[in-house]
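Undergrad: Let me begin by handing over the structure; questions about it come next.
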Amino acid sequence: MSAAPAPAPKLDRWGALIRAARLVSPRRGQLILSIALGAGAILAAVGLLAVAGVLISKAALRPEILTLTIFTVGVRALAIARALLRYGERLVSHDLAFRVLADLRVRFFERLIPLVPEGLRGIRSGDVLSRFVGDVDTLQDLYLRALGPPLIGILAIALLAGAVAIVLPAGALVLVVAMLIAGLLLPALAARAGRRSGLREAPARAQLSAELVELVSGAAELAVYGREQQWAERIEAADSKLAATERPGAWISGVTSGAGVAIGGAAMIAVAAIGVQATAAGQLDGVLLAGIVFLTIGAFEAVVGLPDAAQRLTACAQAAARLEGVTEAPIPVSDPPAPIPVPSDGSLSFEDVSVRFEGREQAALSCVSAALAPGSRIALVGASGAGKTTLASCAVRFLDPSSGRVTLGGVDIRELSQDALRSAVRLVSQEAYLFTTTIAQNVRLAAPEASDDQITAALSRAGLGAWIASLPEGIETLVGEEGTEVSGGQRGRIALARGLIAPSQIVILDEPTANLDAAGARELLSAIGSERSDRRAMMVITHTVDGLEEFDEIIVLEAGAVVERGTWGDLIAAKGALARLSAAA
Amino acid sequence: MPLVGAVVLGVATSLLVVAQAVLLGRVIAGAFPGGQDLGEVSGELWILVAVVGARALCAFGFETSGRLGARRVVGELRASLTAKMLETRPAGLRGQRAGELVTNAVQGLSSLEAYFARYLPQLVLAVVVPVVILIYVFPRDFAAGTILLVTLPIIPLFMILIGLAARTATERRWRTLSLLSAHFLDAVKGLQTLKANDRAQRQVETLRETGEQYRKQTMVTLRIAFLSSLVLELAAMMGTALVAAAVAIQLINGGLEFSTALAVLLLAPELYLPVRMVGQQFHASTDGLTAANECFEVLDTPTAVSVPAAPLPSPDPRIGPLLLENVSFAYEGRGEAVLEAIDLKLSPGEQLALVGPSGQGKSTVASLILRLLDPQSGRILCNGVDLLEVDPKEWRQHLAWVPQRPTLFSATLAENIRLGRPEADQSALLAACADAGLEQLIDSMPQGLETRLGEGQRTLSAGETQRVALARAFLRDAPLVILDEPTAHLDAESSAAIGEAIARLSQSRSVLLIVHRPALAAAADRIVTLREGLIVDRQAQR
């Protein structure tokens, strides 16, 4: 398996970042406030040092103590102001980060909705979705840690340089140049140098991670086959490879750190020299000399956060580009401009439906027709890959046929709104997902109004009655993260209960017997075939055929085409495909 | 040790910091009120240049040696962790999910790396720098020294006092963030299901509401938590302000040289800086310690299988029968025994089917025979030798195993099949592939047997994976083969094909076939049914 993240499309990382930033633009006021507070905090700290320098310079002339009061009060006031401003900035910026994150999640989720599932064909694996979520999480840093520090830094630098320029213009120039080098040039060089090693580091990290996943899942086999030593060596090799790719990063950060000290020191020395010169020439009041040198030393606080911000900005840009890579996929199906109301009672008909996927030679479905009348039961049978699930996807417009059409009560379903269609035609997919919540909530998903009793009844009909009764917390039992606390069979049956409770005219069950043993599968299919209490129509997709005796029609698909259809009796008598499937089981 | 380097460089840095302040004080005092011009202070300025250069070198060495040293420590830990996983994972760490272990090994160790690379060196600086600075300040200005000495402990004190409250708040914030993230991931992964049930739009509202709700809750705790840094900030800033006032009074009273006063004032913020930086590395410290704890928890897991000090030579299952006598087993932390005093016999060349519903201990029997687990009571014998007396590695050389969910490693298809016999030649490999019915798959792969699995190649289906595992077993050519649910998750036709391959594999070997569908057991010599850890039925077929 490969955990290597796909490289972000290079062309438009920064464009993607700007578009992502625009998603949260209504928060501009809060952003400005946090920047003002942050810059204020820096100015207070630097001001404290500068005023203290002036204070002791004046004291060196031994004046009356009282003449210094304004300065001693000033330094204390600045000390308090610094602490309060910093506190305010942290509160405002964290609040902003939470709001931004919530905005981003909602926006990106909304973009994902029309794409699932067909728009993400090929990139639907759990890995990609986890990364999608991780990338959205990365973007929360955009304002707090990536854009905030540079904006605060620029504001603070401008104000500090302006203050110095009034008394020592050459000093202000040195200060600005030094801070630009320390704040922009140095991080840019470091990022540039780091990018190359970073490019090699990510795949090395991914490989190590993939090897560890394999090691953990295959440890027993490695033990049985006596290959522990070799695999330990493989991990070690992957780790050394990762370490080698990380080494340049350590040197770069060392050099950056040393260069930062050197630049700060150089600025301090240069300003001191210029100040000494100006004082000797009588251009600068000597009382201010110490203050200006102290200010220079303190001013570098304004650029401390910039290297980190640059890294985060790059990470955010990559995340934004990857997110666009997912969300910019063409939307596979869209609603009609003026949807017609769903016909209240009618057959679901597939009329010569063909589906061809891009890049595949063979059609996934060719000219399949079927009609599901109210109250009827149809079984769609065939080996995996025969096109059964594709047909089901067409019925709920996860996918539109390449040719042919699907109608509901005589209306082409492309004329209906997708939401209304999926209310009327309910698909219980093979990959039905269990959410990290209770059994009851997972079933209620299909029928938000359902009472607990109705849910319990649906679960019983799905064959879980005894199990639910044995659970201390009954239907309020949690299913664990993504349903990991329930077995595959129980998961399938909970999904089935969703289909049974759904208030829909038509229900399509995709492989409801996937995780059941032969007896259980047979029992379930017979129950579906024989229970006909209402006008609800059901289509069942299955590869196990025992129990289909009572179905109105059985359609056997092979390689996307109908090879035979009829009732159980007819098809068994014909000794065709169904008879073979039945014998093999 | 990276720490020794950190101490040496830390002391050097502190001395340079003091030297820099003293020199700068002299330069400024020389010009004002001394009235010297640039030429007269140029000597000090050049020394200052040298001092700054030396500080830069120290900073470089401090950062680089810290990171490289930390990486070494982490590499060593990762190797031990890997070795431990290989040793215990087969069964001992069953309760932990695979993903969690890997997260610990990769991400957890990264936070441990930050701990070694950043937190510990910073801690060294936080001790060394203030000591050196105070040694300089005290003899020169007692009042300023006292202010520094009194305010300095406020910082670590408040870190500890409020730190406890702050930690819960910080942890809560992290928990909130990861909870929200998990909630979002849940929604994204389940989006298809939400859509099919017409609930996707509703989920948008839920995301918005939960985000808002958690923001409000968390901000309440943060408002209090950030008070701690407010106090820290105040202590450091007020300390500097008070030192300025103190030296000013000393200057007026004539008790202090102006250049020394400047140096003392310059050193005040330098004294607080490293201590405050420790606070900034708070996450690195807690995350690092958590990771270390998890790491050592894994490392301290007892080995699942005992290895005798003086092992007997391994018995050969071709010669004598394999016997389970009165064997019981319970997984740790789960009360009920999985197996209760079962007896089982597998004669050389016999095909035995173990059937029963899932979750009844069938796979545990396989793990016990494979010596991936030790029985809690009872004995497992082969040819009269207790397997506990034998080196598990030697015993396993007689075995081949097709687990329920075989693992494919990212290596070539050929390497995957050679897992059990790396030295096998090409003709043996091809024969094993033919026996397992793999030819079609091999033909469909771009580089045939040399195609690498994983890494963007198409993933193999469950049936294909099962065949690769069977080919492994064929190539292994072991006298005793254990097949665990070889046809679960397969459709009828693939099952039939796999059934034929199994029949070929079973010729002239002892086979333990574990199945929950009795149909597959038809070809076995004997069928034993296991239910709730007990053998409920034995039935000979021939």
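Ligands are numbered from 1 in the order shown, residues from 1 within each chain, and chains are lettered A, B, ... in the order they appear in the structure tokens.
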Considering only C-alpha atoms, tabulate each residue of segment 122-193 of chain A that lies at most 12 Å from segment 106-114 of chain A along with its nearest interatomic pair and the corresponding distance in Å to one decimal; arrange the rows by chain and ascending residue number and present them as a tab-separated table.

TA:
residue	atom	partner	partner_atom	distance
A:Arg124	CA	A:Leu112	CA	11.5
A:Leu129	CA	A:Leu112	CA	10.4
A:Phe132	CA	A:Phe108	CA	9.2
A:Val133	CA	A:Phe108	CA	9.4
A:Asp135	CA	A:Phe108	CA	10.5
A:Val136	CA	A:Phe108	CA	7.9
A:Asp137	CA	A:Phe108	CA	11.2
A:Leu139	CA	A:Phe108	CA	11.3

Undergrad: Rounded to one decimal place, report the atom CA of Arg195 of chain A-atom CA of Leu242 of chain A distance in Å.

TA: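 Pair atom CA of Arg195 of chain A / atom CA of Leu242 of chain A returns 15.0 Å.
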
Undergrad: Using only C-alpha atoms, which of B:Pro153, B:Pro302, B:Gly420, B:Pro313 sits nearest chain A?

TA: B:Gly420

Undergrad: Would you mind reading off the distance between atom CA of Leu125 of chain B and atom CA of Gly61 of chain B, one decimal, in Å?

TA: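 That distance, rounded to one decimal, is 13.6 Å.
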
Undergrad: Using only C-alpha atoms, which residues sit within 7 Å of segment 87-90 of chain A once same-chain residues fewer than 5 positions away are excluded, as a PyMOL selection string?

TA: (chain A and resi 34+37-38) or (chain B and resi 226+230)

Undergrad: Would you save the residues from that selection as a JSON list (two decimals), in the first residue's frame, using N, CA and C atoms?

TA:
[["chain", "number", "residue", "atom", "x", "y", "z"],
["A", 34, "SER", "N", -6.97, 41.63, 15.73],
["A", 34, "SER", "CA", -5.90, 40.80, 16.31],
["A", 34, "SER", "C", -4.54, 41.30, 15.85],
["A", 37, "LEU", "N", -3.72, 44.43, 17.96],
["A", 37, "LEU", "CA", -3.32, 44.06, 19.32],
["A", 37, "LEU", "C", -1.92, 43.47, 19.32],
["A", 38, "GLY", "N", -1.62, 42.61, 18.32],
["A", 38, "GLY", "CA", -0.31, 41.97, 18.25],
["A", 38, "GLY", "C", 0.79, 43.00, 18.05],
["B", 226, "PHE", "N", -5.27, 31.55, 29.48],
["B", 226, "PHE", "CA", -4.31, 32.55, 29.01],
["B", 226, "PHE", "C", -3.90, 33.52, 30.11],
["B", 230, "LEU", "N", -0.42, 35.74, 30.91],
["B", 230, "LEU", "CA", -0.51, 37.16, 31.26],
["B", 230, "LEU", "C", 0.38, 37.46, 32.47]]

Undergrad: Would you work out the distance separating atom CA of Gly198 of chain A from atom CA of Gly249 of chain A, expressed in Å to one decimal?

TA: 7.8 Å

Undergrad: Quick one: everything within 6 Å of Gly499 of chain A, counting only C-alpha atoms, minus sequence neighbours fewer than 3 positions away in the same chain. Send it as a PyMOL selection string.

TA: chain A and resi 428+496+502

Undergrad: Restricting the output to C-alpha atoms, write the selected residues as a PDB file, in the first residue's frame.

TA:
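This is the output file selection00.pdb:
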ATOM      1  CA  VAL A 428     -28.787   0.943   1.028  1.00  0.00           C
ATOM      2  CA  LEU A 496     -30.480  -2.996   6.271  1.00  0.00           C
ATOM      3  CA  ALA A 502     -37.040   4.489   5.347  1.00  0.00           C
TER       4      ALA A 502
END

Undergrad: Write out as a ChimeraX atom specification the residues lying within 9 Å of Ile42 of chain A, counting only C-alpha atoms and excluding same-chain residues fewer than 2 positions away.

TA: /A:37-40,44-47,82,85-86,152-153,156,298-299,301-302

Undergrad: Neighbouring residues of Ser257 of chain A were defined as those with any atom within 8 Å, considering only C-alpha atoms; residues of the same chain fewer than 5 positions away were excluded. Please report them as a list in words.

TA: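 Listed by chain and then number, they are Ala56, Ala59, Phe60 and Glu63 of chain B.
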
Undergrad: Show which residues sit within 12 Å of Ser42 of chain B, as a PDB file with C-alpha atoms, in the first residue's frame. Count only C-alpha atoms, and ignore same-chain residues fewer than 5 positions away.

TA:
ATOM      1  CA  ILE A 269      26.601  47.213  16.257  1.00  0.00           C
ATOM      2  CA  ALA A 270      25.828  49.289  13.158  1.00  0.00           C
ATOM      3  CA  ALA A 272      25.508  51.848  17.888  1.00  0.00           C
ATOM      4  CA  ALA A 273      28.303  53.020  15.564  1.00  0.00           C
ATOM      5  CA  ILE A 274      26.008  55.376  13.664  1.00  0.00           C
ATOM      6  CA  VAL A 276      28.089  57.245  18.429  1.00  0.00           C
ATOM      7  CA  GLN A 277      29.077  59.136  15.301  1.00  0.00           C
TER       8      GLN A 277
ATOM      9  CA  LEU B  23      31.010  45.915  25.669  1.00  0.00           C
ATOM     10  CA  LEU B  24      27.902  47.640  24.387  1.00  0.00           C
ATOM     11  CA  ARG B  26      31.150  50.748  27.319  1.00  0.00           C
ATOM     12  CA  VAL B  27      30.603  51.891  23.736  1.00  0.00           C
ATOM     13  CA  ILE B  28      27.467  53.863  24.625  1.00  0.00           C
ATOM     14  CA  GLY B  30      32.026  56.242  25.944  1.00  0.00           C
ATOM     15  CA  ALA B  31      30.047  58.396  23.529  1.00  0.00           C
ATOM     16  CA  GLN B  36      34.289  59.874  22.600  1.00  0.00           C
ATOM     17  CA  ASP B  37      33.915  59.675  18.827  1.00  0.00           C
ATOM     18  CA  ILE B  47      35.567  42.979  19.914  1.00  0.00           C
ATOM     19  CA  LEU B  48      31.780  43.238  19.840  1.00  0.00           C
ATOM     20  CA  VAL B  49      31.805  41.989  16.268  1.00  0.00           C
TER      21      VAL B  49
END
